[in-house]
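K.L.:
Can you read through this structure? Questions will come right after.
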Amino acid sequence: MTFDEQHKKFIAKEKDGNESIYCTYCYKDGEFTDPDATREGMIEIAVPHFTRKLGDKEAARQYMTEVVNKLSRWKE
């Protein structure tokens with residue numbers, strides 16, 4: 001998730017109260033909400049949401065694959 005002004009409310013917090021690099025959907029109080037989540041699982045969770053936005057399931061999957069692969073959690 002990008003943290004522009006519109007999405008700033010979704011920035012998660014670390015245990016010390018500082019802002020995290022993760023969103024509130026994935027991270028809370030310094031820990032992942034689903035520590036066993038996989039890259040592929042995250043993509044599949046997001047595909048329906050982005051299919052509505054982009055109008056095409058495969059375009060949504062491709063977009064989310066690009067986004068998720070850039071996230072620190074799954075960056076190789």
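How things are named: the first chain in the structure tokens is A, the next is B, and so on; residues count from 1 in each chain; ligands count from 1 in the order shown.
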Near A:Arg73, counting only C-alpha atoms, which residues have an atom at most 10 Å away, once you skip same-chain residues fewer than 6 positions from it, shown as a list in words?
P.N.:
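In the requested form, the answer reads Ile21, Tyr22, Phe32, Thr38 and Arg39 of chain A.
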K.L.:
Can you pull out every residue from chain A that DSSP, working from the backbone, puts in strand (DSSP E or B), and format the result as a list in words?
P.N.:
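So, restricting chain A to strand (DSSP E or B), we get Ile11, Ala12, Lys13, Glu19, Ser20, Ile21, Tyr22, Cys23, Tyr27, Lys28, Glu31 and Phe32 of chain A.
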K.L.:
Can you pull out every residue within 12 Å of A:Gly17, counting only C-alpha atoms, but drop anything in the same chain fewer than 6 positions away, and send it as a VMD selection string?
P.N.:
chain A and resid 11 28 to 30
K.L.:
Can I get the selection written as a PDB file, in the first residue's frame, with C-alpha atoms?
P.N.:
ATOM      1  CA  ILE A  11       0.359   3.268   8.479  1.00  0.00           C
ATOM      2  CA  LYS A  28       0.081  -4.262  14.403  1.00  0.00           C
ATOM      3  CA  ASP A  29       2.135  -3.260  17.435  1.00  0.00           C
ATOM      4  CA  GLY A  30       5.407  -4.364  15.881  1.00  0.00           C
TER       5      GLY A  30
END
K.L.:
Leaving out A:Met64 and any residue of its chain fewer than 6 positions from it, which residues lie within 10 Å of it when counting only C-alpha atoms, given as a PyMOL selection string?
P.N.:
chain A and resi 39-40+42-47+50+58+70
K.L.:
If you keep C-alpha atoms, can you produce a file of those selected residues as a PDB file, in the first residue's frame?
P.N.:
ATOM      1  CA  ARG A  39       3.741 -13.916  -0.971  1.00  0.00           C
ATOM      2  CA  GLU A  40       1.332 -15.939  -3.087  1.00  0.00           C
ATOM      3  CA  MET A  42      -1.085 -12.029  -0.143  1.00  0.00           C
ATOM      4  CA  ILE A  43      -1.450 -11.707  -3.895  1.00  0.00           C
ATOM      5  CA  GLU A  44      -4.549 -13.900  -3.926  1.00  0.00           C
ATOM      6  CA  ILE A  45      -6.135 -11.945  -1.055  1.00  0.00           C
ATOM      7  CA  ALA A  46      -5.681  -8.696  -2.970  1.00  0.00           C
ATOM      8  CA  VAL A  47      -6.688  -9.902  -6.455  1.00  0.00           C
ATOM      9  CA  PHE A  50      -7.913  -4.940  -7.568  1.00  0.00           C
ATOM     10  CA  GLU A  58      -5.206 -11.300 -14.660  1.00  0.00           C
ATOM     11  CA  LYS A  70       8.718  -4.885  -3.946  1.00  0.00           C
TER      12      LYS A  70
END
K.L.:
If we count only C-alpha atoms and set the cut-off at 10 Å, which residues sit around A:Cys23, ignoring sequence neighbours fewer than 6 positions away in its own chain? Please answer as a ChimeraX atom specification.
P.N.:
/A:1-3,7-13,32
K.L.:
For C-alpha atoms, I'd like the residues from the last selection saved as a PDB file, in the first residue's frame.
P.N.:
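Saved file selection.pdb follows:
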ATOM      1  CA  MET A   1       0.000   0.000   0.000  1.00  0.00           C
ATOM      2  CA  THR A   2       1.254   3.445  -0.806  1.00  0.00           C
ATOM      3  CA  PHE A   3       1.158   5.900   2.052  1.00  0.00           C
ATOM      4  CA  HIS A   7      -3.808   6.437   2.909  1.00  0.00           C
ATOM      5  CA  LYS A   8      -1.735   7.808   5.800  1.00  0.00           C
ATOM      6  CA  LYS A   9      -4.296   6.473   8.288  1.00  0.00           C
ATOM      7  CA  PHE A  10      -3.252   2.941   7.303  1.00  0.00           C
ATOM      8  CA  ILE A  11       0.359   3.268   8.479  1.00  0.00           C
ATOM      9  CA  ALA A  12       0.932   0.682  11.218  1.00  0.00           C
ATOM     10  CA  LYS A  13       2.811   1.434  14.407  1.00  0.00           C
ATOM     11  CA  PHE A  32       2.723  -9.175  11.489  1.00  0.00           C
TER      12      PHE A  32
END
